[in-house]
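Novice: Questions regarding the structure given below will be posed in turn.
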Amino acid sequence: MPELPEAETVRRGLETETVGRRISRVEVTGLRSVRRHPDPGEPDRRLRGQRVQAVGRVGKFLTLAAGPEVLVVHLGMSGQLLLSDGAGPRPPHSHVVVVFEDGSELRFVDPRTFGQVFLSAGPEPGRRGRPAELAHLGFDPLTDGLPAGRFAALLRSRRTMLKALLMDQRFVAGIGNIYSDEILFAARLRYDHPASALDEEQAKALYRHLLRILRASVRLGGSSLSDMQYRDVYGRPGRYQERHLVFAREGLACTGCGGPIRRQAWGGRSTFYCPGCQIPGPGPRRG
Ligand SMILES: [Zn+2]
């Protein structure tokens with residue numbers, strides 16, 4: 001599933017390729033992808049003739065501002081946004097296609113249909129123009145510039161296990177199963193370490209690793225897993241998977257201690273960690 005670095009890579013491609021282009025029409029063939037709109041013709045009616053002005057991102061959500069409208073895209077499990085010059089057949093599962101004036105196309109391809117595309121009803125008042133539909137999201141690590149001390153205070157006020165908290169989109173937007181494992185390994189903290197048990201220095205160090213890993217992944221175009229489902233707007237896979245130190249590395253040697261990386265069923269998915277390097281924590285602090 002695409003997380004922040006993959007969404008940011010797509011955002012940069014969209015910014016380069018679509019800003020300034022005028023939309024001639026929007027073709028919707030996958031009703032599930034536009035499920036927030038009772039009338040699937042609405043995206044076409046509202047976007048037709050508008051020019052793309054800016055491409056933003058909040059966590060895993062992408063936003064295209066075009067005239068008075070903001071188109072929001074979430075890639076879900078398997079979604080791709082692919083640019084095309086408009087020649088040649090569209091790939092299967094091209095559920096929503098934005099056709100530009102010059103005939104080029106932005107194709108939303110999503111075999112598993114967990115992703116979605118919708119027009120925002122309007123901005124959330126008083127919060128940097130974030131679409132109202134994204135008001136529930138927590139801070140974005142790359143764009144909100146949250147100070148480390150503030151992060152530490154927020155984190156330490158929570159009794160949740162660290163992995164659950166890092167993946168909680170209402171706490172911090174954009175981190176999922178891959179990057180939570182990589183961040184926690186870098187910080188030498190186990191997935192089930194209670195957030196409230198960290199001291200201030202540990203919490204600040206965790207934040208430094210979080211920012212460093214997300215930025216490093218963006219530099220390499222994000223992570224494409226073995227299914228190679230994640231692609232940038234040009235159809236290229238990311239390369240950060242080559243730098244993963246624990247994720248999907250069960251049984252391989254830990255780069256820290258040489259022991260085997262372990263996989264643990266957790267919250268309906270898998271978490272990967274090193275039992276030698278990552279500490280579980282002393283249990284929740286008492287009030
Ligand atoms: Zn280790």
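In the structure tokens, chains take letters A, B, ... by order of appearance, with residues numbered from 1 within each chain and ligands from 1 in the order shown.
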May I have a table of the residues of chain A lying at most 9 Å from ligand 1, giving each one's closest pair of atoms and their distance in Å to one decimal, counting only C-alpha atoms and all ligand atoms, ordered by chain and ascending residue number, as a tab-separated table?

Specialist:
residue	atom	partner	partner_atom_place_in_ligand_line	distance
A:Phe185	CA	ligand 1	1 (Zn)	8.6
A:Arg188	CA	ligand 1	1 (Zn)	8.7
A:Ala253	CA	ligand 1	1 (Zn)	7.7
A:Cys254	CA	ligand 1	1 (Zn)	4.6
A:Thr255	CA	ligand 1	1 (Zn)	6.3
A:Gly256	CA	ligand 1	1 (Zn)	4.4
A:Cys257	CA	ligand 1	1 (Zn)	4.0
A:Gly258	CA	ligand 1	1 (Zn)	5.9
A:Gly259	CA	ligand 1	1 (Zn)	5.6
A:Pro260	CA	ligand 1	1 (Zn)	7.3
A:Ile261	CA	ligand 1	1 (Zn)	7.2
A:Tyr273	CA	ligand 1	1 (Zn)	8.1
A:Cys274	CA	ligand 1	1 (Zn)	4.7
A:Pro275	CA	ligand 1	1 (Zn)	6.5
A:Gly276	CA	ligand 1	1 (Zn)	4.7
A:Cys277	CA	ligand 1	1 (Zn)	4.1
A:Gln278	CA	ligand 1	1 (Zn)	7.2

Novice: From a backbone DSSP assignment, name each residue in segment 64-198 of chain A labelled helix (DSSP H, G or I), as a ChimeraX atom specification.

Specialist: /A:132-134,148-156,162-167,177-186,195-197

Novice: Given the selection you just returned, output its residues as a file containing N, CA and C atoms, formatted as an mmCIF file, in the first residue's frame.

Specialist:
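Listed below is the output, again24.cif:
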data_model
loop_
_atom_site.group_PDB
_atom_site.id
_atom_site.type_symbol
_atom_site.label_atom_id
_atom_site.label_comp_id
_atom_site.auth_asym_id
_atom_site.auth_seq_id
_atom_site.Cartn_x
_atom_site.Cartn_y
_atom_site.Cartn_z
ATOM 1 N N ALA A 132 -11.878 19.846 3.572
ATOM 2 C CA ALA A 132 -12.651 19.481 4.771
ATOM 3 C C ALA A 132 -12.660 17.973 4.993
ATOM 4 N N GLU A 133 -12.633 17.206 3.899
ATOM 5 C CA GLU A 133 -12.675 15.746 4.008
ATOM 6 C C GLU A 133 -11.396 15.178 4.638
ATOM 7 N N LEU A 134 -10.346 16.006 4.701
ATOM 8 C CA LEU A 134 -9.072 15.535 5.262
ATOM 9 C C LEU A 134 -8.810 16.149 6.633
ATOM 10 N N ALA A 148 10.227 19.148 17.139
ATOM 11 C CA ALA A 148 10.502 17.870 17.797
ATOM 12 C C ALA A 148 9.933 17.820 19.221
ATOM 13 N N GLY A 149 10.016 18.940 19.925
ATOM 14 C CA GLY A 149 9.513 18.960 21.301
ATOM 15 C C GLY A 149 8.010 18.752 21.355
ATOM 16 N N ARG A 150 7.324 19.317 20.360
ATOM 17 C CA ARG A 150 5.868 19.154 20.287
ATOM 18 C C ARG A 150 5.519 17.700 19.953
ATOM 19 N N PHE A 151 6.271 17.119 19.010
ATOM 20 C CA PHE A 151 6.056 15.718 18.673
ATOM 21 C C PHE A 151 6.255 14.845 19.917
ATOM 22 N N ALA A 152 7.328 15.097 20.641
ATOM 23 C CA ALA A 152 7.626 14.288 21.826
ATOM 24 C C ALA A 152 6.490 14.387 22.844
ATOM 25 N N ALA A 153 5.961 15.593 23.027
ATOM 26 C CA ALA A 153 4.879 15.780 24.004
ATOM 27 C C ALA A 153 3.614 15.044 23.560
ATOM 28 N N LEU A 154 3.286 15.162 22.271
ATOM 29 C CA LEU A 154 2.097 14.477 21.747
ATOM 30 C C LEU A 154 2.244 12.970 21.897
ATOM 31 N N LEU A 155 3.423 12.468 21.513
ATOM 32 C CA LEU A 155 3.662 11.025 21.544
ATOM 33 C C LEU A 155 3.583 10.475 22.964
ATOM 34 N N ARG A 156 4.215 11.185 23.890
ATOM 35 C CA ARG A 156 4.321 10.666 25.260
ATOM 36 C C ARG A 156 3.004 10.769 26.019
ATOM 37 N N LEU A 162 3.643 1.753 20.042
ATOM 38 C CA LEU A 162 4.272 2.669 19.075
ATOM 39 C C LEU A 162 3.859 2.423 17.628
ATOM 40 N N LYS A 163 3.827 1.163 17.223
ATOM 41 C CA LYS A 163 3.487 0.927 15.812
ATOM 42 C C LYS A 163 2.056 1.372 15.508
ATOM 43 N N ALA A 164 1.150 1.069 16.407
ATOM 44 C CA ALA A 164 -0.250 1.475 16.204
ATOM 45 C C ALA A 164 -0.357 2.998 16.138
ATOM 46 N N LEU A 165 0.418 3.674 16.977
ATOM 47 C CA LEU A 165 0.352 5.135 17.003
ATOM 48 C C LEU A 165 0.940 5.741 15.722
ATOM 49 N N LEU A 166 2.078 5.200 15.276
ATOM 50 C CA LEU A 166 2.680 5.722 14.039
ATOM 51 C C LEU A 166 1.771 5.494 12.835
ATOM 52 N N MET A 167 0.977 4.424 12.879
ATOM 53 C CA MET A 167 0.086 4.122 11.756
ATOM 54 C C MET A 167 -1.283 4.786 11.888
ATOM 55 N N ASN A 177 2.391 0.355 7.159
ATOM 56 C CA ASN A 177 3.061 -0.844 7.653
ATOM 57 C C ASN A 177 4.561 -0.881 7.350
ATOM 58 N N ILE A 178 4.952 -0.399 6.181
ATOM 59 C CA ILE A 178 6.375 -0.474 5.792
ATOM 60 C C ILE A 178 7.211 0.490 6.638
ATOM 61 N N TYR A 179 6.825 1.771 6.592
ATOM 62 C CA TYR A 179 7.697 2.776 7.202
ATOM 63 C C TYR A 179 7.646 2.744 8.725
ATOM 64 N N SER A 180 6.531 2.307 9.308
ATOM 65 C CA SER A 180 6.516 2.177 10.768
ATOM 66 C C SER A 180 7.559 1.144 11.203
ATOM 67 N N ASP A 181 7.657 0.033 10.470
ATOM 68 C CA ASP A 181 8.663 -0.977 10.830
ATOM 69 C C ASP A 181 10.083 -0.441 10.668
ATOM 70 N N GLU A 182 10.332 0.259 9.567
ATOM 71 C CA GLU A 182 11.681 0.776 9.316
ATOM 72 C C GLU A 182 12.067 1.857 10.329
ATOM 73 N N ILE A 183 11.112 2.717 10.673
ATOM 74 C CA ILE A 183 11.375 3.798 11.633
ATOM 75 C C ILE A 183 11.662 3.220 13.020
ATOM 76 N N LEU A 184 10.850 2.240 13.433
ATOM 77 C CA LEU A 184 11.031 1.667 14.775
ATOM 78 C C LEU A 184 12.336 0.879 14.873
ATOM 79 N N PHE A 185 12.738 0.221 13.792
ATOM 80 C CA PHE A 185 14.034 -0.465 13.807
ATOM 81 C C PHE A 185 15.162 0.562 13.954
ATOM 82 N N ALA A 186 15.071 1.644 13.195
ATOM 83 C CA ALA A 186 16.115 2.679 13.264
ATOM 84 C C ALA A 186 16.208 3.244 14.677
ATOM 85 N N ALA A 195 3.947 4.110 23.815
ATOM 86 C CA ALA A 195 4.431 5.460 23.529
ATOM 87 C C ALA A 195 4.689 6.232 24.818
ATOM 88 N N SER A 196 3.824 6.063 25.799
ATOM 89 C CA SER A 196 3.925 6.842 27.037
ATOM 90 C C SER A 196 5.158 6.476 27.869
ATOM 91 N N ALA A 197 5.806 5.351 27.533
ATOM 92 C CA ALA A 197 6.978 4.930 28.312
ATOM 93 C C ALA A 197 8.282 5.525 27.800
#

Novice: Pick from A:Val28, A:Gly76, A:Arg107, A:Ala65: nearest to Arg45 of chain A, with only C-alpha atoms counted?

Specialist: A:Val28

Novice: Skip segment 211-228 of chain A itself and residues of its chain fewer than 6 positions away, then list as a PDB file with N, CA, C and O atoms, in the first residue's frame all residues within 7 Å of it, counting only C-alpha atoms.

Specialist:
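Ended up saving to result-v2.pdb:
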ATOM      1  N   PRO A   5       5.951   8.434   1.258  1.00  0.00           N
ATOM      2  CA  PRO A   5       6.992   8.648   0.230  1.00  0.00           C
ATOM      3  C   PRO A   5       6.508   8.336  -1.188  1.00  0.00           C
ATOM      4  O   PRO A   5       6.919   8.999  -2.141  1.00  0.00           O
ATOM      5  N   GLU A   6       5.649   7.332  -1.310  1.00  0.00           N
ATOM      6  CA  GLU A   6       5.121   6.994  -2.633  1.00  0.00           C
ATOM      7  C   GLU A   6       4.156   8.101  -3.098  1.00  0.00           C
ATOM      8  O   GLU A   6       4.205   8.539  -4.252  1.00  0.00           O
ATOM      9  N   GLU A   8       4.187  11.201  -2.188  1.00  0.00           N
ATOM     10  CA  GLU A   8       4.977  12.405  -2.470  1.00  0.00           C
ATOM     11  C   GLU A   8       5.674  12.284  -3.828  1.00  0.00           C
ATOM     12  O   GLU A   8       5.783  13.267  -4.574  1.00  0.00           O
ATOM     13  N   THR A   9       6.140  11.095  -4.161  1.00  0.00           N
ATOM     14  CA  THR A   9       6.773  10.879  -5.473  1.00  0.00           C
ATOM     15  C   THR A   9       5.757  11.114  -6.594  1.00  0.00           C
ATOM     16  O   THR A   9       6.056  11.775  -7.598  1.00  0.00           O
ATOM     17  N   PRO A 141       4.316  14.893   8.216  1.00  0.00           N
ATOM     18  CA  PRO A 141       5.714  15.034   8.655  1.00  0.00           C
ATOM     19  C   PRO A 141       6.566  15.903   7.736  1.00  0.00           C
ATOM     20  O   PRO A 141       7.480  16.582   8.205  1.00  0.00           O
ATOM     21  N   ILE A 183      11.112   2.717  10.673  1.00  0.00           N
ATOM     22  CA  ILE A 183      11.375   3.798  11.633  1.00  0.00           C
ATOM     23  C   ILE A 183      11.662   3.220  13.020  1.00  0.00           C
ATOM     24  O   ILE A 183      12.600   3.624  13.703  1.00  0.00           O
ATOM     25  N   PRO A 237       8.967   1.982 -11.071  1.00  0.00           N
ATOM     26  CA  PRO A 237       8.912   1.574  -9.657  1.00  0.00           C
ATOM     27  C   PRO A 237       9.874   2.404  -8.810  1.00  0.00           C
ATOM     28  O   PRO A 237      10.806   3.024  -9.338  1.00  0.00           O
ATOM     29  N   GLY A 238       9.664   2.396  -7.498  1.00  0.00           N
ATOM     30  CA  GLY A 238      10.596   3.051  -6.579  1.00  0.00           C
ATOM     31  C   GLY A 238      11.793   2.153  -6.316  1.00  0.00           C
ATOM     32  O   GLY A 238      11.831   1.000  -6.748  1.00  0.00           O
ATOM     33  N   ARG A 239      12.774   2.691  -5.582  1.00  0.00           N
ATOM     34  CA  ARG A 239      13.990   1.919  -5.286  1.00  0.00           C
ATOM     35  C   ARG A 239      14.292   1.824  -3.792  1.00  0.00           C
ATOM     36  O   ARG A 239      15.284   1.221  -3.403  1.00  0.00           O
ATOM     37  N   TYR A 240      13.439   2.436  -2.953  1.00  0.00           N
ATOM     38  CA  TYR A 240      13.772   2.420  -1.526  1.00  0.00           C
ATOM     39  C   TYR A 240      13.661   1.020  -0.909  1.00  0.00           C
ATOM     40  O   TYR A 240      14.269   0.750   0.127  1.00  0.00           O
ATOM     41  N   GLN A 241      12.910   0.105  -1.556  1.00  0.00           N
ATOM     42  CA  GLN A 241      12.825  -1.262  -1.026  1.00  0.00           C
ATOM     43  C   GLN A 241      14.208  -1.900  -0.880  1.00  0.00           C
ATOM     44  O   GLN A 241      14.414  -2.771  -0.042  1.00  0.00           O
TER      45      GLN A 241
END

Novice: Within 8 Å of segment 230-233 of chain A, which residues of segment 17-88 of chain A show up? Give each one with its shortest atom-to-atom distance in Å (one decimal) and the two atoms involved, counting only C-alpha atoms, rows by chain then rising residue number, as CSV.

Specialist:
residue,atom,partner,partner_atom,distance
A:Ser78,CA,A:Tyr230,CA,6.9
A:Gly79,CA,A:Tyr230,CA,7.5
A:Gln80,CA,A:Arg231,CA,6.4
A:Leu81,CA,A:Val233,CA,5.6
A:Leu82,CA,A:Val233,CA,4.4
A:Leu83,CA,A:Val233,CA,5.5

Novice: Any chance you could list, as a ChimeraX atom specification, the residues in segment 56-248 of chain A that come up strand (DSSP E) when DSSP is run on the backbone?

Specialist: /A:56-58,61-66,69-74,80-84,94-100,105-109,116-119

Novice: Can you write out the residues you just picked, keeping N, CA and C atoms, as an mmCIF file, in the first residue's frame?

Specialist:
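The new file part.cif reads:
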data_model
loop_
_atom_site.group_PDB
_atom_site.id
_atom_site.type_symbol
_atom_site.label_atom_id
_atom_site.label_comp_id
_atom_site.auth_asym_id
_atom_site.auth_seq_id
_atom_site.Cartn_x
_atom_site.Cartn_y
_atom_site.Cartn_z
ATOM 1 N N GLY A 56 -0.982 19.207 -4.306
ATOM 2 C CA GLY A 56 -0.572 19.112 -2.908
ATOM 3 C C GLY A 56 -0.706 17.690 -2.400
ATOM 4 N N ARG A 57 -0.405 17.534 -1.116
ATOM 5 C CA ARG A 57 -0.499 16.214 -0.503
ATOM 6 C C ARG A 57 -0.690 16.381 0.991
ATOM 7 N N VAL A 58 -1.569 15.589 1.588
ATOM 8 C CA VAL A 58 -1.678 15.499 3.035
ATOM 9 C C VAL A 58 -1.605 14.011 3.368
ATOM 10 N N PHE A 61 -2.914 11.297 0.932
ATOM 11 C CA PHE A 61 -3.889 11.890 0.006
ATOM 12 C C PHE A 61 -3.229 12.930 -0.898
ATOM 13 N N LEU A 62 -3.586 12.894 -2.185
ATOM 14 C CA LEU A 62 -3.108 13.889 -3.147
ATOM 15 C C LEU A 62 -4.229 14.863 -3.451
ATOM 16 N N THR A 63 -3.866 16.129 -3.689
ATOM 17 C CA THR A 63 -4.885 17.134 -4.021
ATOM 18 C C THR A 63 -4.453 17.889 -5.274
ATOM 19 N N LEU A 64 -5.364 17.984 -6.224
ATOM 20 C CA LEU A 64 -5.122 18.798 -7.427
ATOM 21 C C LEU A 64 -6.075 19.974 -7.396
ATOM 22 N N ALA A 65 -5.523 21.186 -7.289
ATOM 23 C CA ALA A 65 -6.365 22.376 -7.321
ATOM 24 C C ALA A 65 -6.531 22.801 -8.777
ATOM 25 N N ALA A 66 -7.789 22.940 -9.194
ATOM 26 C CA ALA A 66 -8.087 23.343 -10.574
ATOM 27 C C ALA A 66 -9.243 24.323 -10.534
ATOM 28 N N GLU A 69 -12.042 24.251 -7.815
ATOM 29 C CA GLU A 69 -12.225 22.865 -7.377
ATOM 30 C C GLU A 69 -10.923 22.263 -6.849
ATOM 31 N N VAL A 70 -11.087 21.297 -5.918
ATOM 32 C CA VAL A 70 -9.946 20.499 -5.467
ATOM 33 C C VAL A 70 -10.303 19.030 -5.646
ATOM 34 N N LEU A 71 -9.538 18.363 -6.510
ATOM 35 C CA LEU A 71 -9.718 16.932 -6.734
ATOM 36 C C LEU A 71 -8.807 16.192 -5.757
ATOM 37 N N VAL A 72 -9.395 15.271 -4.993
ATOM 38 C CA VAL A 72 -8.635 14.524 -3.988
ATOM 39 C C VAL A 72 -8.503 13.077 -4.455
ATOM 40 N N VAL A 73 -7.300 12.524 -4.336
ATOM 41 C CA VAL A 73 -7.065 11.137 -4.753
ATOM 42 C C VAL A 73 -6.377 10.386 -3.623
ATOM 43 N N HIS A 74 -6.896 9.197 -3.307
ATOM 44 C CA HIS A 74 -6.226 8.283 -2.385
ATOM 45 C C HIS A 74 -5.957 7.008 -3.152
ATOM 46 N N GLN A 80 -2.856 3.523 -8.972
ATOM 47 C CA GLN A 80 -1.771 4.202 -9.674
ATOM 48 C C GLN A 80 -2.353 5.412 -10.382
ATOM 49 N N LEU A 81 -1.576 6.485 -10.474
ATOM 50 C CA LEU A 81 -1.923 7.625 -11.319
ATOM 51 C C LEU A 81 -0.878 7.664 -12.419
ATOM 52 N N LEU A 82 -1.290 7.364 -13.633
ATOM 53 C CA LEU A 82 -0.336 7.232 -14.732
ATOM 54 C C LEU A 82 -0.610 8.286 -15.795
ATOM 55 N N LEU A 83 0.446 8.938 -16.222
ATOM 56 C CA LEU A 83 0.317 9.911 -17.313
ATOM 57 C C LEU A 83 0.499 9.215 -18.645
ATOM 58 N N SER A 84 -0.225 9.704 -19.628
ATOM 59 C CA SER A 84 -0.111 9.125 -20.962
ATOM 60 C C SER A 84 -0.298 10.249 -21.971
ATOM 61 N N SER A 94 -8.661 1.224 -15.594
ATOM 62 C CA SER A 94 -8.544 2.694 -15.649
ATOM 63 C C SER A 94 -9.923 3.258 -15.319
ATOM 64 N N HIS A 95 -10.207 3.433 -14.022
ATOM 65 C CA HIS A 95 -11.569 3.758 -13.593
ATOM 66 C C HIS A 95 -11.935 5.224 -13.777
ATOM 67 N N VAL A 96 -10.941 6.097 -13.675
ATOM 68 C CA VAL A 96 -11.193 7.532 -13.858
ATOM 69 C C VAL A 96 -10.071 8.074 -14.744
ATOM 70 N N VAL A 97 -10.424 8.799 -15.785
ATOM 71 C CA VAL A 97 -9.408 9.362 -16.682
ATOM 72 C C VAL A 97 -9.667 10.862 -16.858
ATOM 73 N N VAL A 98 -8.662 11.658 -16.488
ATOM 74 C CA VAL A 98 -8.722 13.100 -16.725
ATOM 75 C C VAL A 98 -8.062 13.354 -18.078
ATOM 76 N N VAL A 99 -8.835 13.897 -19.021
ATOM 77 C CA VAL A 99 -8.308 14.157 -20.362
ATOM 78 C C VAL A 99 -8.013 15.652 -20.473
ATOM 79 N N PHE A 100 -6.771 15.977 -20.834
ATOM 80 C CA PHE A 100 -6.387 17.382 -20.958
ATOM 81 C C PHE A 100 -6.621 17.864 -22.388
ATOM 82 N N GLU A 105 -3.486 12.331 -21.010
ATOM 83 C CA GLU A 105 -4.409 11.785 -20.017
ATOM 84 C C GLU A 105 -3.706 11.499 -18.696
ATOM 85 N N LEU A 106 -4.461 11.686 -17.627
ATOM 86 C CA LEU A 106 -4.056 11.221 -16.306
ATOM 87 C C LEU A 106 -5.035 10.105 -15.948
ATOM 88 N N ARG A 107 -4.488 8.895 -15.819
ATOM 89 C CA ARG A 107 -5.339 7.710 -15.640
ATOM 90 C C ARG A 107 -5.234 7.175 -14.206
ATOM 91 N N PHE A 108 -6.376 7.044 -13.564
ATOM 92 C CA PHE A 108 -6.419 6.425 -12.235
ATOM 93 C C PHE A 108 -6.717 4.947 -12.443
ATOM 94 N N VAL A 109 -5.685 4.126 -12.211
ATOM 95 C CA VAL A 109 -5.772 2.682 -12.449
ATOM 96 C C VAL A 109 -5.773 1.998 -11.086
ATOM 97 N N GLN A 116 -9.685 5.936 -4.024
ATOM 98 C CA GLN A 116 -10.823 6.755 -4.409
ATOM 99 C C GLN A 116 -10.416 8.127 -4.927
ATOM 100 N N VAL A 117 -11.354 8.687 -5.692
ATOM 101 C CA VAL A 117 -11.177 9.985 -6.335
ATOM 102 C C VAL A 117 -12.445 10.782 -6.044
ATOM 103 N N PHE A 118 -12.296 11.995 -5.515
ATOM 104 C CA PHE A 118 -13.497 12.800 -5.281
ATOM 105 C C PHE A 118 -13.160 14.280 -5.280
ATOM 106 N N LEU A 119 -14.178 15.076 -5.518
ATOM 107 C CA LEU A 119 -14.031 16.523 -5.435
ATOM 108 C C LEU A 119 -14.377 16.976 -4.029
#

Novice: To one decimal place in Å, what is the distance between atom CA of Ala54 of chain A and atom CA of Glu3 of chain A?

Specialist: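 Atom-to-atom, atom CA of Ala54 of chain A to atom CA of Glu3 of chain A, that is 20.7 Å.
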
Novice: Which of these, A:His209, A:Ser24, A:Tyr191, A:Pro43, has the shortest distance to Thr271 of chain A once you count only C-alpha atoms?

Specialist: A:Tyr191
